[in-house]
Structure formats: structure tokens, C-alpha cells
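*Asks:* This is the structure, below, for whatever I ask next.
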Amino acid sequence: MNFELSEELKMLREMTYKFAVAEFTPHIRECDEHETYTPEIRKKAAENGLVGAWIPEQYGGSGAGFLGNAIITEELSRVDMGIGLNVIAAPFGCEAIFQNGTEEQKQKYLPPVCKGDWVAAGAYTEPNAGTDVAGYKTRAVRDGNDFVINGNKMFITNGTVCDFMVVQAITKPEEKKHNSFSMIIVDAKAKGITRNKIKGKMGIRASDTSEIAFEDVRVPQANLLGKEGRGFYQLMHFFDTTRSMIAAQALGLSIACLDASVKYCKERTAFGAPLGSYQLTQKKLAEMAIQIEALRTLTYRAAWTFDIGKPDYTLSAMAKFLGGQTAVFCANYAVELHGGYGYIDEYVVQKYYRDAKILELYEGTKEAEIMTIGRVLQSK
Ligand SMILES: Cc1cc2nc3c(=O)[nH]c(=O)nc-3n(C[C@H](O)[C@H](O)[C@H](O)COP(=O)(O)OP(=O)(O)OC[C@H]3O[C@@H](n4cnc5c(N)ncnc54)[C@H](O)[C@@H]3O)c2cc1C
């Protein structure tokens, strides 16, 4: 077993971090305060091969694999999770196209996203059903050569900035719940689509999150992804791949919390000595470091299983769960170690605290991950 990263991956890490420091840093505060999306940064990131890096070169990606993509995600999130999400989630939904699409669909949609010209979205969650994936109500009815889509989607990342989205809809209502869904690629500018940005998020405020309404939206039947009626299972497989990305976001944010805390504990004195000289303080820093190392190993291993063609879905769920827990844990300690200064916006840790919570909510809540892991254990 070799835990050493290849020279290529080490260079990728260094290049990504430098890119994020140079390009993100001047905009972090502005984007957080005004909820500003960052298309120019996304384009520059694409020029550097950082968008859709997991996508093979034949479809325009840089072919860095899922481990490479995890490292990119980690480094971008270390600098800013919101702006980082605008880069790494630009291909969100493309996982489903890559896994289920025809050669023509892959050639049409993946290269423009990797190039930074197009943005994708994965539109699954609905106002009345998130965790309950089989409870979605959006309908797509066949009419001539088209599907006609009606329904509502909620909390869609890139919703108002995307060029196309992968939508989960019921196409076979006569079938049992799990066999009634299909995935369909929808042009974001199609007639009948209304997109509204959701404002006032707690964290990752540079990311675009939207609600989307479909009213008699016509989409060619050729936009069906894979086999009709397999949408539920396709979505489960989609989550399996994207969850290691969320774990990598959590890893980056947790490292940022630890770095900021170590620095502050060296600088700040109390009772005549640096905070870092006290064992109670060191305990907090040590606990953060231990959690981070455990998360790093689990995240890299989960991503690597996809690269070797032996995906371990339970590991992805575990990494995502541990990621959320670790980020919230580290952000909490980071604020505590900064005392009152951790509570004001002069110090970045208050932002880390706000950004961290989403990692326990999206791409499956922490309870959803536990349910997934529990189901697997029961089936053995
Ligand atoms: C910023 C942001 C970005 C997002 N991006 C996207 C996106 O791009 N695409 C997309 O489709 N969705 C997206 N989501 C949606 C996200 O995935 C959902 O919010 C999440 O899955 C939870 O669904 P819900 O909000 O409907 O909560 P609910 O499903 O209503 O859950 C509420 C609570 O009940 C718990 N719960 C539910 N069922 C059970 C059960 N059986 N047992 C125990 N506890 C249970 C949940 O864990 C949670 O704690 C995003 C959300 C946010 C906030």
C-alpha cells in the first residue's frame, strides 16, 4: 500500500492552491457580503484545467481522475468554499451524463463545460421532497417527439447561471415509485422555465442557489439520459460520485480552520503567554488535526476507488458524513479559539463557521448518509 501522492498530483495541488490564493482572495469578502457569483474566475479556472478535472480528456476534461478532482476541490475550498464551489460544481449534473449518456450527448455537453463556456446544474430536489428522493413530483409527458415537463425544483446550485440542467422527472407514472423516474437534459433557456435566485444563505454565498419552475417546457425526447425508468437508480449512482467531492470540500475547509487557529494561537497572548502554550488549547488543535487526517485518508480512498474502477459507495457516504462532521467540529473550535474575535467579520473563522454547516445538509443530509451506510450493513 502506497500513501504517497504522485508527482503530478503534488504539482496539481500546488498549482491549484496558488491559483485560488491569487484569484479568489481579492473577491472573498465582496462575494460573501453581496452574494456575488464569479463567472470570470470559473473561466480562468477552466483555462487551468480545474473545471471538470475528473472528466477524461476525450470529453474535454484534464483527466485528473476523481482523486485529482478531490485534491483540486480541497485546495480551492481551503481558500474559499463558496467561490471554489463555482469552479468545482460548474459541471454538476455532468456526472449523470458521463455515466448514462450516449456518445453524442457526452460530446455535446461535457467539453463546453470543461472549457468554461457552459455551466451545468443537477435539478433534483423539490419544494416538498429532498431526502425522500422517490417523493419527487415533477412530470415529463411524451408528446410527439418531445417531453413536456411540469413541476418545481428547489435549492438548485447554479440554477440561474446554468446553460443546461439534468432534471429528474416522472415519465412512467404507471410503474412502481422507484421505476417511474427518468433523467432528462433540459436547455436552461427553454420556454416555460422560470428561475429565481434564493437569497440570504447562511454560507457559501458566492454560489448561486435557485428555485426553478417548469411550465409546459418542451424538450426533445432525444434528451433522455440512459434508459427510461432508471432515473432513481441513476441519481443514487450520481450521488455516490459527488459525495467524495463534498468530503473534499470539507477537508479543505477544516484545514483552513486549523491553519487560522494555529496562527492565532501563536500570536494571541493570555495570562502572559501565547494561547498555544496552554494544554487546553493544544488539545483543541490536536483534535482538529486528528479528525483532518482521518478525513483525508477516507476522502482520498473513496475518490481513488472510482479511479481504479471499483467504486465503493459506502466509503463515499462515510467520507461525506465524516466530512460534514469534521468541518463543523473544526469551524466551531476555530471560532472558540479566537474568542470574541471569532465572532466578528474581521476574522475569517466566522465565515468558516457559516460555510461549514452546508456540508451536513446538501448532497444528502448527514442522516441520509447514515441511512445509506446502515442499509448496506443490514444487507450483508
Ligand atoms: C445551498 C444548497 C445547495 C443545494 N444544491 C442542490 C442542487 O444543486 N441540486 C439539488 O437537487 N439539490 C440541492 N440542494 C438540496 C439539498 O440536497 C436538500 O436540501 C437536502 O437533500 C435535504 O432535503 P430537504 O431540504 O428537503 O430536507 P428534508 O428532506 O425535508 O429533511 C429535513 C430533515 O429531516 C431529516 N430526515 C428526512 N427523512 C428522514 C428519515 N427517514 N429519517 C430521519 N431523518 C430524516 C433530514 O436528514 C433533515 O435533517 C441544495 C441545498 C442547499 C441548501
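Identifiers for the C-alpha cells are assigned positionally: chains receive A, B, ... in sequence, residues are indexed from 1 per chain, and ligands are indexed from 1 in the order shown.
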All residues within 10 Å of ligand 1 are required, counting only C-alpha atoms and all ligand atoms; please report them as an NGL selection string.

*Replies:* :A and (82 or 89 or 92-93 or 120-133 or 135 or 153-159 or 165-168 or 198 or 201-205 or 207-211 or 235 or 239 or 355 or 357-371)

*Asks:* Determine which residues of stretch 38-146 of chain A receive a DSSP assignment of strand (DSSP E), computed from the backbone, and state them as an NGL selection string.

*Replies:* :A and (120-123 or 139-143 or 146)

*Asks:* Go ahead and dump the residues you just picked, N, CA and C atoms, as a PDB file, in the first residue's frame.

*Replies:*
ATOM      1  N   ALA A 120     -23.355  23.753 -15.908  1.00  0.00           N
ATOM      2  CA  ALA A 120     -24.409  22.744 -15.767  1.00  0.00           C
ATOM      3  C   ALA A 120     -25.074  22.857 -14.400  1.00  0.00           C
ATOM      4  N   ALA A 121     -26.207  22.188 -14.257  1.00  0.00           N
ATOM      5  CA  ALA A 121     -26.856  22.090 -12.941  1.00  0.00           C
ATOM      6  C   ALA A 121     -27.530  20.730 -12.845  1.00  0.00           C
ATOM      7  N   GLY A 122     -27.659  20.248 -11.623  1.00  0.00           N
ATOM      8  CA  GLY A 122     -28.386  18.998 -11.374  1.00  0.00           C
ATOM      9  C   GLY A 122     -29.640  19.355 -10.612  1.00  0.00           C
ATOM     10  N   ALA A 123     -30.802  19.263 -11.272  1.00  0.00           N
ATOM     11  CA  ALA A 123     -32.067  19.732 -10.662  1.00  0.00           C
ATOM     12  C   ALA A 123     -32.889  18.540 -10.191  1.00  0.00           C
ATOM     13  N   ARG A 139     -43.276  16.076 -13.503  1.00  0.00           N
ATOM     14  CA  ARG A 139     -43.741  15.123 -14.517  1.00  0.00           C
ATOM     15  C   ARG A 139     -43.195  15.482 -15.891  1.00  0.00           C
ATOM     16  N   ALA A 140     -42.826  14.488 -16.669  1.00  0.00           N
ATOM     17  CA  ALA A 140     -42.465  14.693 -18.074  1.00  0.00           C
ATOM     18  C   ALA A 140     -43.336  13.744 -18.893  1.00  0.00           C
ATOM     19  N   VAL A 141     -44.176  14.340 -19.749  1.00  0.00           N
ATOM     20  CA  VAL A 141     -45.148  13.542 -20.519  1.00  0.00           C
ATOM     21  C   VAL A 141     -44.742  13.550 -21.996  1.00  0.00           C
ATOM     22  N   ARG A 142     -44.769  12.393 -22.617  1.00  0.00           N
ATOM     23  CA  ARG A 142     -44.420  12.318 -24.045  1.00  0.00           C
ATOM     24  C   ARG A 142     -45.501  12.998 -24.886  1.00  0.00           C
ATOM     25  N   ASP A 143     -45.039  13.797 -25.859  1.00  0.00           N
ATOM     26  CA  ASP A 143     -45.977  14.451 -26.778  1.00  0.00           C
ATOM     27  C   ASP A 143     -45.242  14.617 -28.109  1.00  0.00           C
ATOM     28  N   ASP A 146     -41.396  15.128 -28.348  1.00  0.00           N
ATOM     29  CA  ASP A 146     -40.922  15.842 -27.151  1.00  0.00           C
ATOM     30  C   ASP A 146     -41.387  15.191 -25.860  1.00  0.00           C
TER      31      ASP A 146
END

*Asks:* Where does stretch 307-347 of chain A meet stretch 56-78 of chain A within 12 Å, residue by residue, with the nearest atom pair and distance in Å to one decimal for each, counting only C-alpha atoms, listed by chain and rising number, as JSON lines?

*Replies:*
{"residue": "A:Asp307", "atom": "CA", "partner": "A:Gly65", "partner_atom": "CA", "distance": 5.9}
{"residue": "A:Ile308", "atom": "CA", "partner": "A:Gly65", "partner_atom": "CA", "distance": 9.5}
{"residue": "A:Gly309", "atom": "CA", "partner": "A:Phe66", "partner_atom": "CA", "distance": 10.8}
{"residue": "A:Pro311", "atom": "CA", "partner": "A:Phe66", "partner_atom": "CA", "distance": 10.6}
{"residue": "A:Ser316", "atom": "CA", "partner": "A:Phe66", "partner_atom": "CA", "distance": 11.7}
{"residue": "A:Ala319", "atom": "CA", "partner": "A:Ala70", "partner_atom": "CA", "distance": 11.6}
{"residue": "A:Gly323", "atom": "CA", "partner": "A:Glu74", "partner_atom": "CA", "distance": 11.3}
{"residue": "A:Ala327", "atom": "CA", "partner": "A:Arg78", "partner_atom": "CA", "distance": 11.2}

*Asks:* Could those selected residues go to a file with C-alpha atoms, as a tab-separated table (two decimals), in the first residue's frame?

*Replies:*
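Written out: out33.tsv:
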chain	number	residue	atom	x	y	z
A	307	ASP	CA	-10.30	5.83	-10.41
A	308	ILE	CA	-9.46	2.12	-10.20
A	309	GLY	CA	-12.92	1.17	-11.45
A	311	PRO	CA	-16.29	2.31	-6.71
A	316	SER	CA	-18.32	7.77	-0.32
A	319	ALA	CA	-16.44	10.26	3.71
A	323	GLY	CA	-16.53	15.48	6.18
A	327	ALA	CA	-15.83	20.72	9.15

*Asks:* Quick one: residues within 10 Å of A:Ile184, only C-alpha atoms, excluding same-chain residues fewer than 4 positions away - as a list in words?

*Replies:*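 That gives Ala96, Ile97, Ala123, Ala140, Phe147, Ile149, Met165, Val166, Val167, Gln168, Ala169, Thr171, Val219, Pro220, Gln221, Ala222, Asn223, Leu224, Leu225, Gly226, Glu228 and Gly231 of chain A.
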
*Asks:* Can I get the selection written as a compact mmCIF listing (two decimals), in the first residue's frame, with N, CA and C atoms?

*Replies:*
# COMPACT_ATOMS: atom_id res chain seq x y z
N ALA A 96 -23.92 12.53 -14.31
CA ALA A 96 -25.01 11.68 -14.81
C ALA A 96 -24.91 11.52 -16.32
N ILE A 97 -24.46 12.57 -17.02
CA ILE A 97 -24.30 12.47 -18.47
C ILE A 97 -23.16 11.50 -18.79
N ALA A 123 -30.80 19.26 -11.27
CA ALA A 123 -32.07 19.73 -10.66
C ALA A 123 -32.89 18.54 -10.19
N ALA A 140 -42.83 14.49 -16.67
CA ALA A 140 -42.47 14.69 -18.07
C ALA A 140 -43.34 13.74 -18.89
N PHE A 147 -40.74 15.66 -24.76
CA PHE A 147 -41.32 15.52 -23.42
C PHE A 147 -41.87 16.89 -23.06
N ILE A 149 -42.58 19.06 -19.74
CA ILE A 149 -42.26 18.97 -18.32
C ILE A 149 -43.02 20.01 -17.51
N MET A 165 -29.51 21.82 -17.63
CA MET A 165 -29.61 21.10 -16.35
C MET A 165 -30.06 19.66 -16.59
N VAL A 166 -29.65 18.81 -15.68
CA VAL A 166 -30.12 17.43 -15.71
C VAL A 166 -31.27 17.36 -14.70
N VAL A 167 -32.45 17.01 -15.21
CA VAL A 167 -33.66 17.08 -14.39
C VAL A 167 -34.19 15.66 -14.12
N GLN A 168 -34.60 15.45 -12.89
CA GLN A 168 -35.24 14.18 -12.52
C GLN A 168 -36.74 14.37 -12.61
N ALA A 169 -37.42 13.54 -13.41
CA ALA A 169 -38.87 13.69 -13.57
C ALA A 169 -39.53 12.32 -13.72
N THR A 171 -41.61 9.87 -15.67
CA THR A 171 -42.06 9.64 -17.05
C THR A 171 -42.94 8.39 -17.15
N VAL A 219 -39.06 19.50 -24.38
CA VAL A 219 -37.68 19.04 -24.51
C VAL A 219 -37.68 17.85 -25.48
N PRO A 220 -36.76 17.81 -26.45
CA PRO A 220 -36.74 16.66 -27.36
C PRO A 220 -36.55 15.34 -26.60
N GLN A 221 -37.24 14.30 -27.04
CA GLN A 221 -37.09 13.00 -26.36
C GLN A 221 -35.66 12.47 -26.46
N ALA A 222 -34.93 13.00 -27.43
CA ALA A 222 -33.52 12.59 -27.58
C ALA A 222 -32.69 13.01 -26.37
N ASN A 223 -33.24 13.90 -25.53
CA ASN A 223 -32.50 14.37 -24.34
C ASN A 223 -32.64 13.44 -23.14
N LEU A 224 -33.37 12.35 -23.32
CA LEU A 224 -33.47 11.35 -22.24
C LEU A 224 -32.07 10.79 -21.96
N LEU A 225 -31.74 10.66 -20.68
CA LEU A 225 -30.42 10.13 -20.32
C LEU A 225 -30.55 8.65 -19.98
N GLY A 226 -29.91 7.82 -20.75
CA GLY A 226 -29.94 6.39 -20.47
C GLY A 226 -31.33 5.82 -20.66
N GLU A 228 -35.14 4.77 -19.97
CA GLU A 228 -36.31 5.34 -19.29
C GLU A 228 -36.68 4.48 -18.08
N GLY A 231 -34.18 6.50 -13.68
CA GLY A 231 -33.73 7.77 -13.09
C GLY A 231 -33.37 7.69 -11.60

*Asks:* I'd like the interatomic distance between atom CA of A:Tyr136 and atom CA of A:Gln234, to a tenth of an Å.

*Replies:* 14.5 Å
